[in-house]
Protein chains: 2
Amino acid sequence: MGPLATVDFMQKIIALTAASKDQEHLPMLVHNVPQIPDRSACILEGSEDPFPALLRGLRSLERGGAECVVIPCNTAHFWFEKLQKHAQIPMISILDCVQKHIRQHRLGKVGVMATSATVSAVMYQELIENDGRECLIPDQDMQTLMMQAIYDIKAGRLELGSQRMKVVFDDLVNKGAEAVVLGCTEIPIGLAEVVKTSPEQCIDATALLASACVDWYNQKEARVAA
Amino acid sequence: MGPLATVDFMQKIIALTAASKDQEHLPMLVHNVPQIPDRSACILEGSEDPFPALLRGLRSLERGGAECVVIPCNTAHFWFEKLQKHAQIPMISILDCVQKHIRQHRLGKVGVMATSATVSAVMYQELIENDGRECLIPDQDMQTLMMQAIYDIKAGRLELGSQRMKVVFDDLVNKGAEAVVLGCTEIPIGLAEVVKTSPEQCIDATALLASACVDWYNQKEARVAA
(Lines give C-alpha, C1' and ligand atoms only; values in the text may rest on other atoms or scores of the structure.)
Protein backbone atom coordinates (compact mmCIF):
# COMPACT_ATOMS: atom_id res chain seq x y z
CA MET A 1 0.00 0.00 0.00
CA GLY A 2 3.07 2.21 0.46
CA PRO A 3 3.95 3.28 -3.10
CA LEU A 4 7.73 2.89 -2.63
CA ALA A 5 7.16 -0.62 -1.28
CA THR A 6 5.15 -1.47 -4.40
CA VAL A 7 7.99 -0.22 -6.59
CA ASP A 8 10.50 -2.23 -4.52
CA PHE A 9 8.34 -5.32 -5.06
CA MET A 10 8.19 -4.74 -8.84
CA GLN A 11 11.96 -4.22 -8.99
CA LYS A 12 12.47 -7.53 -7.18
CA ILE A 13 10.27 -9.36 -9.69
CA ILE A 14 12.20 -7.79 -12.58
CA ALA A 15 15.57 -8.65 -11.01
CA LEU A 16 14.47 -12.25 -10.35
CA THR A 17 13.37 -12.80 -13.97
CA ALA A 18 15.87 -14.31 -16.38
CA ALA A 19 15.05 -12.05 -19.35
CA SER A 20 17.14 -10.94 -22.29
CA LYS A 21 14.48 -8.59 -23.73
CA ASP A 22 11.26 -6.79 -22.73
CA GLN A 23 8.96 -9.54 -23.91
CA GLU A 24 10.47 -12.12 -21.53
CA HIS A 25 9.66 -10.08 -18.42
CA LEU A 26 6.55 -10.83 -16.34
CA PRO A 27 3.37 -8.99 -17.33
CA MET A 28 2.04 -7.07 -14.31
CA LEU A 29 -1.05 -5.04 -13.65
CA VAL A 30 -0.35 -2.92 -10.59
CA HIS A 31 -3.01 -1.24 -8.47
CA ASN A 32 -0.78 1.23 -6.63
CA VAL A 33 -3.51 3.18 -4.85
CA PRO A 34 -2.23 4.42 -1.48
CA GLN A 35 -5.60 5.98 -0.62
CA ILE A 36 -6.62 2.64 0.95
CA PRO A 37 -7.41 3.47 4.63
CA ASP A 38 -4.53 2.89 7.09
CA ARG A 39 -4.42 -0.83 7.90
CA SER A 40 -2.59 -0.36 11.21
CA ALA A 41 -4.96 2.32 12.49
CA CYS A 42 -7.95 0.08 11.75
CA ILE A 43 -6.55 -3.00 13.56
CA LEU A 44 -5.24 -1.02 16.56
CA GLU A 45 -7.82 1.75 16.95
CA GLY A 46 -10.85 0.53 15.03
CA SER A 47 -10.65 3.39 12.51
CA GLU A 48 -12.07 3.09 8.97
CA ASP A 49 -12.08 -0.48 7.66
CA PRO A 50 -9.81 -0.82 4.60
CA PHE A 51 -11.61 -3.96 3.40
CA PRO A 52 -14.03 -2.25 0.97
CA ALA A 53 -11.09 -0.40 -0.64
CA LEU A 54 -9.04 -3.62 -0.80
CA LEU A 55 -11.98 -5.35 -2.48
CA ARG A 56 -12.31 -2.49 -5.00
CA GLY A 57 -8.59 -2.94 -5.75
CA LEU A 58 -9.09 -6.67 -6.30
CA ARG A 59 -12.06 -6.04 -8.63
CA SER A 60 -10.11 -3.41 -10.57
CA LEU A 61 -7.31 -5.92 -11.18
CA GLU A 62 -9.74 -8.70 -12.12
CA ARG A 63 -11.55 -6.39 -14.58
CA GLY A 64 -8.16 -5.33 -15.95
CA GLY A 65 -7.37 -8.96 -16.77
CA ALA A 66 -5.09 -10.09 -13.92
CA GLU A 67 -4.83 -13.88 -13.53
CA CYS A 68 -3.25 -14.03 -10.05
CA VAL A 69 -3.24 -11.46 -7.24
CA VAL A 70 -0.68 -10.70 -4.55
CA ILE A 71 -0.57 -7.90 -1.95
CA PRO A 72 2.87 -6.44 -1.21
CA CYS A 73 1.72 -5.27 2.25
CA ASN A 74 2.04 -7.55 5.27
CA THR A 75 -0.46 -5.73 7.50
CA ALA A 76 -3.14 -5.99 4.80
CA HIS A 77 -2.84 -9.79 5.11
CA PHE A 78 -5.07 -9.40 8.17
CA TRP A 79 -7.88 -9.33 5.53
CA PHE A 80 -6.25 -11.90 3.19
CA GLU A 81 -8.61 -14.82 3.83
CA LYS A 82 -11.68 -12.62 3.63
CA LEU A 83 -10.45 -11.17 0.32
CA GLN A 84 -9.58 -14.61 -0.99
CA LYS A 85 -13.19 -15.69 -0.47
CA HIS A 86 -14.26 -12.88 -2.83
CA ALA A 87 -11.51 -13.47 -5.41
CA GLN A 88 -12.27 -15.01 -8.79
CA ILE A 89 -8.56 -15.67 -9.43
CA PRO A 90 -5.83 -17.29 -7.29
CA MET A 91 -4.03 -15.27 -4.60
CA ILE A 92 -0.59 -15.90 -3.09
CA SER A 93 -0.09 -15.03 0.60
CA ILE A 94 3.11 -13.34 1.77
CA LEU A 95 2.70 -15.17 5.11
CA ASP A 96 2.80 -18.55 3.35
CA CYS A 97 5.99 -17.54 1.53
CA VAL A 98 7.70 -16.62 4.81
CA GLN A 99 6.51 -19.79 6.53
CA LYS A 100 7.88 -21.93 3.71
CA HIS A 101 11.27 -20.18 3.94
CA ILE A 102 11.50 -20.62 7.74
CA ARG A 103 10.69 -24.33 7.41
CA GLN A 104 13.19 -24.85 4.60
CA HIS A 105 15.95 -23.19 6.63
CA ARG A 106 14.99 -25.09 9.83
CA LEU A 107 15.33 -21.95 11.94
CA GLY A 108 14.89 -22.31 15.69
CA LYS A 109 14.62 -18.73 16.87
CA VAL A 110 13.11 -16.13 14.54
CA GLY A 111 12.79 -12.37 15.07
CA VAL A 112 9.92 -10.37 13.62
CA MET A 113 9.98 -6.74 12.51
CA ALA A 114 6.54 -5.53 11.47
CA THR A 115 3.92 -2.86 12.08
CA SER A 116 2.42 -2.73 15.58
CA ALA A 117 -0.83 -3.93 14.01
CA THR A 118 0.79 -7.02 12.47
CA VAL A 119 2.45 -7.74 15.82
CA SER A 120 -0.76 -7.09 17.76
CA ALA A 121 -2.70 -9.41 15.44
CA VAL A 122 0.00 -12.10 16.15
CA MET A 123 0.13 -12.84 12.41
CA TYR A 124 3.79 -13.89 12.33
CA GLN A 125 4.06 -15.10 15.94
CA GLU A 126 1.33 -17.70 15.37
CA LEU A 127 2.85 -18.91 12.13
CA ILE A 128 6.28 -19.36 13.77
CA GLU A 129 5.19 -20.78 17.14
CA ASN A 130 2.66 -23.21 15.66
CA ASP A 131 5.65 -24.74 13.89
CA GLY A 132 7.34 -25.32 17.29
CA ARG A 133 9.87 -22.50 16.85
CA GLU A 134 10.64 -19.55 19.11
CA CYS A 135 9.51 -16.07 18.02
CA LEU A 136 11.17 -12.84 19.21
CA ILE A 137 9.35 -9.53 18.87
CA PRO A 138 10.66 -6.05 19.80
CA ASP A 139 9.87 -4.76 23.31
CA GLN A 140 7.52 -1.80 23.61
CA ASP A 141 10.12 0.97 23.13
CA MET A 142 11.67 -0.82 20.18
CA GLN A 143 8.24 -1.37 18.62
CA THR A 144 7.53 2.37 18.93
CA LEU A 145 10.81 3.06 17.13
CA MET A 146 9.84 0.45 14.53
CA MET A 147 6.58 2.26 13.71
CA GLN A 148 8.31 5.63 13.50
CA ALA A 149 10.78 4.09 11.04
CA ILE A 150 8.00 2.65 8.85
CA TYR A 151 6.23 6.00 8.63
CA ASP A 152 9.60 7.65 7.88
CA ILE A 153 9.95 5.49 4.76
CA LYS A 154 6.33 6.13 3.74
CA ALA A 155 7.03 9.89 4.01
CA GLY A 156 10.27 9.66 2.00
CA ARG A 157 12.67 10.14 4.98
CA LEU A 158 14.77 7.15 3.90
CA GLU A 159 17.96 7.93 5.84
CA LEU A 160 16.21 8.41 9.20
CA GLY A 161 13.93 5.41 8.72
CA SER A 162 16.93 3.29 7.83
CA GLN A 163 18.87 4.26 10.97
CA ARG A 164 15.89 3.52 13.22
CA MET A 165 15.26 0.13 11.59
CA LYS A 166 18.91 -0.85 12.08
CA VAL A 167 18.57 -0.31 15.85
CA VAL A 168 15.56 -2.64 16.03
CA PHE A 169 17.22 -5.24 13.81
CA ASP A 170 20.44 -5.29 15.88
CA ASP A 171 18.45 -5.58 19.10
CA LEU A 172 16.64 -8.71 17.86
CA VAL A 173 19.88 -10.29 16.62
CA ASN A 174 21.60 -9.48 19.96
CA LYS A 175 18.74 -11.22 21.76
CA GLY A 176 19.43 -14.39 19.80
CA ALA A 177 17.37 -14.26 16.60
CA GLU A 178 19.04 -16.47 13.98
CA ALA A 179 17.18 -14.52 11.32
CA VAL A 180 14.64 -11.69 11.31
CA VAL A 181 11.44 -11.53 9.27
CA LEU A 182 11.32 -8.15 7.48
CA GLY A 183 7.55 -8.35 7.84
CA CYS A 184 6.48 -4.96 6.50
CA THR A 185 7.23 -4.02 2.89
CA GLU A 186 8.81 -0.71 3.96
CA ILE A 187 11.49 -2.59 5.95
CA PRO A 188 13.55 -4.11 3.09
CA ILE A 189 13.75 -0.57 1.66
CA GLY A 190 15.13 0.81 4.93
CA LEU A 191 17.38 -2.20 5.54
CA ALA A 192 18.64 -2.55 1.94
CA GLU A 193 22.26 -2.41 3.12
CA VAL A 194 21.72 -5.08 5.80
CA VAL A 195 19.99 -7.35 3.28
CA LYS A 196 23.04 -6.99 1.04
CA THR A 197 25.70 -7.54 3.72
CA SER A 198 23.90 -10.13 5.92
CA PRO A 199 21.41 -11.90 3.66
CA GLU A 200 21.33 -15.02 5.85
CA GLN A 201 20.02 -12.96 8.79
CA CYS A 202 17.23 -11.36 6.76
CA ILE A 203 13.94 -12.97 5.79
CA ASP A 204 12.86 -10.44 3.16
CA ALA A 205 9.11 -11.10 2.88
CA THR A 206 8.84 -8.85 -0.20
CA ALA A 207 11.56 -10.78 -2.04
CA LEU A 208 9.96 -14.13 -1.12
CA LEU A 209 6.60 -12.97 -2.49
CA ALA A 210 8.29 -11.71 -5.68
CA SER A 211 9.99 -15.07 -6.09
CA ALA A 212 6.67 -16.88 -5.63
CA CYS A 213 5.16 -14.70 -8.39
CA VAL A 214 7.97 -15.57 -10.80
CA ASP A 215 7.47 -19.27 -9.98
CA TRP A 216 3.70 -18.99 -10.50
CA TYR A 217 4.22 -17.32 -13.88
CA ASN A 218 6.84 -19.80 -15.09
CA GLN A 219 4.65 -22.76 -14.10
CA LYS A 220 1.69 -21.20 -15.89
CA GLU A 221 3.78 -20.63 -19.04
CA ALA A 222 5.06 -24.20 -18.86
CA ARG A 223 1.46 -25.48 -18.63
CA VAL A 224 0.45 -23.35 -21.62
CA ALA A 225 3.43 -24.64 -23.62
CA ALA A 226 2.72 -28.29 -22.70
CA MET B 1 7.17 -0.96 -22.15
CA GLY B 2 10.55 -1.84 -20.60
CA PRO B 3 9.63 -2.93 -17.05
CA LEU B 4 12.58 -1.13 -15.39
CA ALA B 5 11.61 2.06 -17.23
CA THR B 6 8.08 1.77 -15.86
CA VAL B 7 9.45 1.39 -12.33
CA ASP B 8 11.75 4.40 -12.89
CA PHE B 9 8.70 6.41 -13.99
CA MET B 10 6.71 5.38 -10.89
CA GLN B 11 9.65 6.25 -8.63
CA LYS B 12 9.83 9.71 -10.22
CA ILE B 13 6.13 10.32 -9.56
CA ILE B 14 6.56 9.23 -5.93
CA ALA B 15 9.64 11.43 -5.45
CA LEU B 16 7.87 14.43 -7.04
CA THR B 17 4.86 14.13 -4.72
CA ALA B 18 4.85 16.15 -1.51
CA ALA B 19 3.41 13.42 0.74
CA SER B 20 3.76 12.82 4.47
CA LYS B 21 1.82 9.53 4.45
CA ASP B 22 0.63 6.79 2.06
CA GLN B 23 -2.75 8.37 1.44
CA GLU B 24 -1.26 11.58 -0.01
CA HIS B 25 0.59 9.75 -2.78
CA LEU B 26 -0.89 9.54 -6.30
CA PRO B 27 -3.12 6.57 -7.03
CA MET B 28 -1.76 4.66 -10.03
CA LEU B 29 -2.97 1.74 -12.06
CA VAL B 30 0.01 0.38 -13.96
CA HIS B 31 -0.19 -1.89 -16.99
CA ASN B 32 3.39 -3.17 -16.99
CA VAL B 33 3.04 -5.75 -19.74
CA PRO B 34 6.31 -6.03 -21.67
CA GLN B 35 4.82 -8.61 -24.06
CA ILE B 36 3.70 -5.72 -26.31
CA PRO B 37 5.45 -6.33 -29.68
CA ASP B 38 8.74 -4.46 -30.19
CA ARG B 39 7.92 -0.88 -31.24
CA SER B 40 11.30 -0.28 -32.88
CA ALA B 41 11.19 -3.47 -34.94
CA CYS B 42 7.74 -2.57 -36.26
CA ILE B 43 8.66 0.99 -37.32
CA LEU B 44 12.01 -0.02 -38.85
CA GLU B 45 11.30 -3.46 -40.28
CA GLY B 46 7.54 -3.67 -40.50
CA SER B 47 7.33 -6.54 -37.99
CA GLU B 48 4.21 -7.19 -35.88
CA ASP B 49 2.18 -4.03 -35.20
CA PRO B 50 2.07 -3.25 -31.46
CA PHE B 51 -1.09 -1.13 -31.83
CA PRO B 52 -3.63 -3.88 -30.97
CA ALA B 53 -1.62 -4.70 -27.80
CA LEU B 54 -1.36 -1.00 -26.92
CA LEU B 55 -5.12 -0.67 -27.35
CA ARG B 56 -5.71 -3.72 -25.12
CA GLY B 57 -3.50 -2.03 -22.49
CA LEU B 58 -5.54 1.16 -22.75
CA ARG B 59 -8.80 -0.77 -22.40
CA SER B 60 -7.46 -2.72 -19.42
CA LEU B 61 -6.62 0.55 -17.64
CA GLU B 62 -9.98 2.11 -18.54
CA ARG B 63 -11.84 -0.95 -17.25
CA GLY B 64 -9.68 -0.86 -14.12
CA GLY B 65 -10.87 2.69 -13.42
CA ALA B 66 -7.99 4.90 -14.64
CA GLU B 67 -8.96 8.55 -15.26
CA CYS B 68 -5.93 9.66 -17.27
CA VAL B 69 -3.42 7.61 -19.28
CA VAL B 70 0.26 8.15 -20.00
CA ILE B 71 2.78 5.90 -21.77
CA PRO B 72 6.31 5.89 -20.33
CA CYS B 73 7.79 4.79 -23.67
CA ASN B 74 8.86 7.36 -26.26
CA THR B 75 8.87 5.04 -29.27
CA ALA B 76 5.28 4.00 -28.55
CA HIS B 77 4.29 7.65 -29.06
CA PHE B 78 4.46 6.83 -32.77
CA TRP B 79 0.93 5.45 -32.15
CA PHE B 80 -0.08 8.13 -29.61
CA GLU B 81 -2.57 10.05 -31.79
CA LYS B 82 -4.19 6.86 -33.07
CA LEU B 83 -4.55 5.59 -29.49
CA GLN B 84 -5.88 8.94 -28.31
CA LYS B 85 -8.69 8.68 -30.86
CA HIS B 86 -9.75 5.42 -29.18
CA ALA B 87 -9.34 6.66 -25.60
CA GLN B 88 -12.34 7.43 -23.42
CA ILE B 89 -10.15 9.31 -20.91
CA PRO B 90 -7.52 12.05 -21.34
CA MET B 91 -3.96 11.14 -22.33
CA ILE B 92 -0.77 13.16 -21.76
CA SER B 93 1.96 12.94 -24.43
CA ILE B 94 5.63 12.69 -23.43
CA LEU B 95 6.49 14.63 -26.62
CA ASP B 96 4.36 17.58 -25.51
CA CYS B 97 6.12 17.60 -22.11
CA VAL B 98 9.54 17.75 -23.77
CA GLN B 99 8.45 20.45 -26.22
CA LYS B 100 7.14 22.61 -23.36
CA HIS B 101 10.45 22.24 -21.51
CA ILE B 102 12.55 23.18 -24.55
CA ARG B 103 10.41 26.27 -25.15
CA GLN B 104 10.55 27.34 -21.50
CA HIS B 105 14.35 27.04 -21.48
CA ARG B 106 14.70 28.81 -24.86
CA LEU B 107 17.25 26.27 -26.06
CA GLY B 108 18.87 26.90 -29.46
CA LYS B 109 20.63 23.59 -30.15
CA VAL B 110 19.15 20.38 -28.75
CA GLY B 111 20.58 16.86 -28.94
CA VAL B 112 18.34 13.79 -29.10
CA MET B 113 19.10 10.35 -27.74
CA ALA B 114 16.39 7.85 -28.65
CA THR B 115 15.75 4.50 -30.30
CA SER B 116 16.59 4.24 -33.99
CA ALA B 117 12.85 3.99 -34.63
CA THR B 118 12.09 7.25 -32.82
CA VAL B 119 14.92 8.91 -34.75
CA SER B 120 13.83 7.37 -38.07
CA ALA B 121 10.24 8.55 -37.50
CA VAL B 122 11.67 12.08 -36.87
CA MET B 123 9.44 12.38 -33.81
CA TYR B 124 11.75 14.69 -31.82
CA GLN B 125 13.51 16.31 -34.79
CA GLU B 126 10.20 17.65 -36.13
CA LEU B 127 9.11 18.95 -32.75
CA ILE B 128 12.42 20.80 -32.28
CA GLU B 129 12.95 22.11 -35.81
CA ASN B 130 9.35 23.25 -36.26
CA ASP B 131 10.05 25.58 -33.34
CA GLY B 132 12.99 27.07 -35.27
CA ARG B 133 15.67 25.34 -33.18
CA GLU B 134 18.57 23.16 -34.27
CA CYS B 135 18.40 19.42 -33.60
CA LEU B 136 21.45 17.18 -33.29
CA ILE B 137 21.13 13.42 -33.66
CA PRO B 138 23.90 10.79 -33.30
CA ASP B 139 25.71 9.72 -36.49
CA GLN B 140 25.18 6.17 -37.70
CA ASP B 141 27.87 4.49 -35.55
CA MET B 142 26.75 6.37 -32.45
CA GLN B 143 23.12 5.44 -33.13
CA THR B 144 24.12 1.77 -33.36
CA LEU B 145 25.84 2.11 -29.98
CA MET B 146 22.72 3.86 -28.65
CA MET B 147 20.48 0.92 -29.58
CA GLN B 148 22.91 -1.59 -28.07
CA ALA B 149 22.83 0.44 -24.87
CA ILE B 150 19.02 0.52 -24.74
CA TYR B 151 18.79 -3.25 -25.17
CA ASP B 152 21.50 -3.63 -22.49
CA ILE B 153 19.26 -1.86 -19.98
CA LYS B 154 16.21 -3.90 -21.03
CA ALA B 155 18.25 -7.09 -20.46
CA GLY B 156 19.49 -5.93 -17.05
CA ARG B 157 23.10 -5.15 -18.12
CA LEU B 158 23.01 -1.74 -16.40
CA GLU B 159 26.75 -1.08 -16.16
CA LEU B 160 27.47 -1.78 -19.83
CA GLY B 161 24.40 0.12 -21.04
CA SER B 162 25.38 3.06 -18.88
CA GLN B 163 28.92 3.24 -20.30
CA ARG B 164 27.66 3.08 -23.88
CA MET B 165 25.07 5.81 -23.29
CA LYS B 166 27.70 8.09 -21.77
CA VAL B 167 29.73 7.90 -25.01
CA VAL B 168 26.73 8.99 -27.11
CA PHE B 169 25.79 11.75 -24.64
CA ASP B 170 29.33 13.18 -24.56
CA ASP B 171 29.51 13.10 -28.36
CA LEU B 172 26.34 15.21 -28.71
CA VAL B 173 27.50 17.70 -26.07
CA ASN B 174 30.91 17.95 -27.77
CA LYS B 175 29.12 18.71 -31.04
CA GLY B 176 27.43 21.68 -29.40
CA ALA B 177 24.15 20.44 -27.89
CA GLU B 178 23.14 22.79 -25.05
CA ALA B 179 21.00 20.00 -23.67
CA VAL B 180 20.13 16.46 -24.73
CA VAL B 181 16.66 14.91 -24.81
CA LEU B 182 16.82 11.54 -23.01
CA GLY B 183 14.12 10.40 -25.40
CA CYS B 184 13.80 6.73 -24.52
CA THR B 185 12.72 5.71 -21.03
CA GLU B 186 15.69 3.35 -20.65
CA ILE B 187 18.13 6.30 -21.02
CA PRO B 188 17.54 8.12 -17.69
CA ILE B 189 18.19 4.75 -15.99
CA GLY B 190 21.54 4.35 -17.77
CA LEU B 191 22.46 8.02 -17.38
CA ALA B 192 21.29 8.39 -13.75
CA GLU B 193 24.71 9.71 -12.71
CA VAL B 194 24.82 12.29 -15.53
CA VAL B 195 21.28 13.48 -14.67
CA LYS B 196 22.48 13.98 -11.08
CA THR B 197 25.75 15.77 -11.89
CA SER B 198 24.68 17.77 -15.01
CA PRO B 199 20.91 18.23 -14.71
CA GLU B 200 20.93 21.35 -16.92
CA GLN B 201 22.32 19.30 -19.84
CA CYS B 202 19.68 16.58 -19.52
CA ILE B 203 16.09 16.76 -20.71
CA ASP B 204 14.75 13.72 -18.86
CA ALA B 205 11.56 12.95 -20.77
CA THR B 206 10.47 10.42 -18.13
CA ALA B 207 10.79 12.98 -15.32
CA LEU B 208 8.88 15.60 -17.35
CA LEU B 209 6.03 13.13 -17.94
CA ALA B 210 5.99 12.22 -14.23
CA SER B 211 5.82 15.89 -13.34
CA ALA B 212 2.91 16.41 -15.76
CA CYS B 213 1.06 13.53 -14.07
CA VAL B 214 1.52 15.07 -10.63
CA ASP B 215 0.25 18.41 -11.99
CA TRP B 216 -2.75 16.72 -13.62
CA TYR B 217 -3.63 14.97 -10.36
CA ASN B 218 -3.22 18.06 -8.20
CA GLN B 219 -5.41 20.11 -10.54
CA LYS B 220 -8.05 17.40 -10.52
CA GLU B 221 -8.00 17.24 -6.70
CA ALA B 222 -8.25 21.04 -6.54
CA ARG B 223 -11.30 20.94 -8.86
CA VAL B 224 -12.93 18.25 -6.69
CA ALA B 225 -12.23 20.28 -3.54
CA ALA B 226 -13.58 23.52 -5.09
# chains A, B, ... in the order shown; residues from 1 in each chain; ligands from 1
call {"tool": "closest_atom_pairs", "arguments": {"of": "chain B", "to": "chain A", "cutoff": "6 Å", "atoms": "only C-alpha atoms", "output": "tab-separated table"}}
result
residue	atom	partner	partner_atom	distance
B:Gly2	CA	A:Asp22	CA	5.4
B:Ser20	CA	A:Ala155	CA	4.4
B:Lys21	CA	A:Ala155	CA	5.2
B:Asp22	CA	A:Pro34	CA	5.1
B:Gln23	CA	A:Gln35	CA	4.3
B:Pro27	CA	A:Val33	CA	4.1
B:Met28	CA	A:Asn32	CA	4.9
B:Leu29	CA	A:His31	CA	4.7
B:Val30	CA	A:Val30	CA	4.7
B:His31	CA	A:Leu29	CA	4.7
B:Asn32	CA	A:Met28	CA	4.9
B:Val33	CA	A:Pro27	CA	4.0
B:Pro34	CA	A:Gln23	CA	4.9
B:Gln35	CA	A:Gln23	CA	4.2
B:Ser60	CA	A:Gly64	CA	4.4
B:Arg63	CA	A:Gly64	CA	5.9
B:Gly64	CA	A:Ser60	CA	4.4
B:Lys154	CA	A:Lys21	CA	5.7
B:Ala155	CA	A:Ser20	CA	4.4
call {"tool": "residues_around", "arguments": {"residues": "Gln88 in chain B", "least_positions_apart": "2", "cutoff": "10 Å", "atoms": "only C-alpha atoms", "output": "list in words"}}
result
Leu58, Arg59, Glu62, Glu67, Cys68, Val69, Gln84, Lys85, His86, Pro90 and Met91 of chain B
call {"tool": "atom_distance", "arguments": {"atom1": "CA of Ile94 in chain A", "atom2": "CA of Ala210 in chain A"}}
result
9.2 Å
call {"tool": "select_by_dssp", "arguments": {"residues": "range 64-209 of chain B", "states": "helix (DSSP H, G or I)", "output": "PyMOL selection string"}}
result
chain B and resi 64+75-86+94-104+116-120+123-129+140-154+158-174+187-190+192-197+199-201+205-209
call {"tool": "atom_distance", "arguments": {"atom1": "CA of Ile128 in chain B", "atom2": "CA of Ile203 in chain B"}}
result
12.8 Å
call {"tool": "residues_around", "arguments": {"residues": "range 212-219 of chain A", "least_positions_apart": "3", "cutoff": "8 Å", "atoms": "only C-alpha atoms", "output": "PyMOL selection string"}}
result
chain A and resi 13+16-17+26+92+97+208-209+222-223
call {"tool": "closest_residue", "arguments": {"among": "B:Leu83, B:Val110, B:Val181, B:Ile71", "to": "Pro52 in chain B", "atoms": "only C-alpha atoms"}}
result
B:Leu83
call {"tool": "atom_distance", "arguments": {"atom1": "CA of Val194 in chain B", "atom2": "CA of Lys166 in chain B"}}
result
8.1 Å
call {"tool": "residues_around", "arguments": {"residues": "range 105-107 of chain B", "least_positions_apart": "3", "cutoff": "10 Å", "atoms": "only C-alpha atoms", "output": "list in words"}}
result
Lys100, His101, Ile102, Val110, Ile128, Arg133, Glu134, Ala177, Glu178, Ala179 and Glu200 of chain B
call {"tool": "residues_around", "arguments": {"residues": "Gly183 in chain A", "least_positions_apart": "5", "cutoff": "12 Å", "atoms": "only C-alpha atoms", "output": "PyMOL selection string"}}
result
chain A and resi 5+72-77+94-95+97-99+110-119+122-125+137+146+150+169+188-189+191+202-209
call {"tool": "select_by_dssp", "arguments": {"residues": "range 28-123 of chain B", "states": "strand (DSSP E or B)", "output": "short mmCIF file (atom, residue, chain, number, x, y, z; two decimals) with all heavy atoms, in the first residue's frame"}}
result
data_model
loop_
_atom_site.label_atom_id
_atom_site.label_comp_id
_atom_site.auth_asym_id
_atom_site.auth_seq_id
_atom_site.Cartn_x
_atom_site.Cartn_y
_atom_site.Cartn_z
N MET B 28 -2.17 5.05 -8.67
CA MET B 28 -1.76 4.66 -10.03
C MET B 28 -2.27 3.26 -10.33
O MET B 28 -2.27 2.39 -9.47
CB MET B 28 -0.22 4.56 -10.14
CG MET B 28 0.55 5.77 -9.75
SD MET B 28 2.35 5.43 -10.00
CE MET B 28 3.01 6.28 -8.56
N LEU B 29 -2.67 3.08 -11.56
CA LEU B 29 -2.97 1.74 -12.06
C LEU B 29 -1.96 1.54 -13.19
O LEU B 29 -1.91 2.34 -14.13
CB LEU B 29 -4.41 1.67 -12.57
CG LEU B 29 -4.91 0.29 -12.94
CD1 LEU B 29 -4.93 -0.64 -11.72
CD2 LEU B 29 -6.34 0.37 -13.50
N VAL B 30 -1.13 0.52 -13.06
CA VAL B 30 0.01 0.38 -13.96
C VAL B 30 -0.08 -0.89 -14.78
O VAL B 30 -0.15 -1.99 -14.21
CB VAL B 30 1.33 0.38 -13.14
CG1 VAL B 30 2.53 0.31 -14.08
CG2 VAL B 30 1.41 1.62 -12.25
N HIS B 31 -0.14 -0.74 -16.08
CA HIS B 31 -0.19 -1.89 -16.99
C HIS B 31 1.23 -2.14 -17.48
O HIS B 31 1.66 -1.61 -18.50
CB HIS B 31 -1.12 -1.55 -18.16
CG HIS B 31 -1.43 -2.70 -19.05
ND1 HIS B 31 -0.79 -2.92 -20.23
CD2 HIS B 31 -2.32 -3.71 -18.92
CE1 HIS B 31 -1.28 -4.02 -20.80
NE2 HIS B 31 -2.21 -4.51 -20.04
N ASN B 32 1.98 -2.92 -16.70
CA ASN B 32 3.39 -3.17 -16.99
C ASN B 32 3.49 -4.51 -17.69
O ASN B 32 3.85 -5.51 -17.10
CB ASN B 32 4.18 -3.14 -15.67
CG ASN B 32 5.68 -3.05 -15.89
OD1 ASN B 32 6.14 -2.81 -17.01
ND2 ASN B 32 6.44 -3.25 -14.84
N VAL B 69 -4.40 8.63 -18.87
CA VAL B 69 -3.42 7.61 -19.28
C VAL B 69 -2.15 8.26 -19.83
O VAL B 69 -2.23 9.22 -20.60
CB VAL B 69 -4.02 6.66 -20.35
CG1 VAL B 69 -2.95 5.82 -21.01
CG2 VAL B 69 -5.04 5.73 -19.70
N VAL B 70 -1.02 7.73 -19.42
CA VAL B 70 0.26 8.15 -20.00
C VAL B 70 1.03 6.88 -20.40
O VAL B 70 0.77 5.80 -19.86
CB VAL B 70 1.12 8.98 -19.02
CG1 VAL B 70 0.42 10.28 -18.69
CG2 VAL B 70 1.44 8.20 -17.75
N MET B 91 -5.31 11.69 -22.27
CA MET B 91 -3.96 11.14 -22.33
C MET B 91 -2.97 12.31 -22.36
O MET B 91 -3.26 13.36 -22.92
CB MET B 91 -3.78 10.29 -23.60
CG MET B 91 -4.61 9.02 -23.61
SD MET B 91 -4.44 8.05 -25.16
CE MET B 91 -2.73 7.53 -25.08
N ILE B 92 -1.82 12.13 -21.74
CA ILE B 92 -0.77 13.16 -21.76
C ILE B 92 0.41 12.62 -22.56
O ILE B 92 0.88 11.51 -22.30
CB ILE B 92 -0.29 13.52 -20.33
CG1 ILE B 92 -1.47 14.00 -19.47
CG2 ILE B 92 0.80 14.59 -20.37
CD1 ILE B 92 -1.12 14.17 -17.99
N LYS B 109 20.09 24.80 -29.52
CA LYS B 109 20.63 23.59 -30.15
C LYS B 109 20.40 22.41 -29.19
O LYS B 109 20.97 22.36 -28.11
CB LYS B 109 22.11 23.80 -30.40
CG LYS B 109 22.70 22.91 -31.46
CD LYS B 109 24.18 23.18 -31.63
CE LYS B 109 24.51 23.61 -33.05
NZ LYS B 109 25.96 23.80 -33.25
N VAL B 110 19.58 21.48 -29.63
CA VAL B 110 19.15 20.38 -28.75
C VAL B 110 19.58 19.03 -29.32
O VAL B 110 19.33 18.75 -30.50
CB VAL B 110 17.62 20.40 -28.58
CG1 VAL B 110 17.15 19.30 -27.66
CG2 VAL B 110 17.15 21.76 -28.06
N GLY B 111 20.23 18.21 -28.53
CA GLY B 111 20.58 16.86 -28.94
C GLY B 111 19.44 15.90 -28.64
O GLY B 111 18.62 16.17 -27.76
N VAL B 112 19.39 14.79 -29.35
CA VAL B 112 18.34 13.79 -29.10
C VAL B 112 18.95 12.40 -29.02
O VAL B 112 19.62 11.94 -29.96
CB VAL B 112 17.25 13.81 -30.21
CG1 VAL B 112 16.32 12.60 -30.06
CG2 VAL B 112 16.45 15.10 -30.16
N MET B 113 18.75 11.76 -27.89
CA MET B 113 19.10 10.35 -27.74
C MET B 113 17.80 9.57 -27.69
O MET B 113 16.93 9.88 -26.87
CB MET B 113 19.89 10.12 -26.45
CG MET B 113 21.30 10.69 -26.49
SD MET B 113 22.12 10.66 -24.86
CE MET B 113 22.46 8.90 -24.67
#
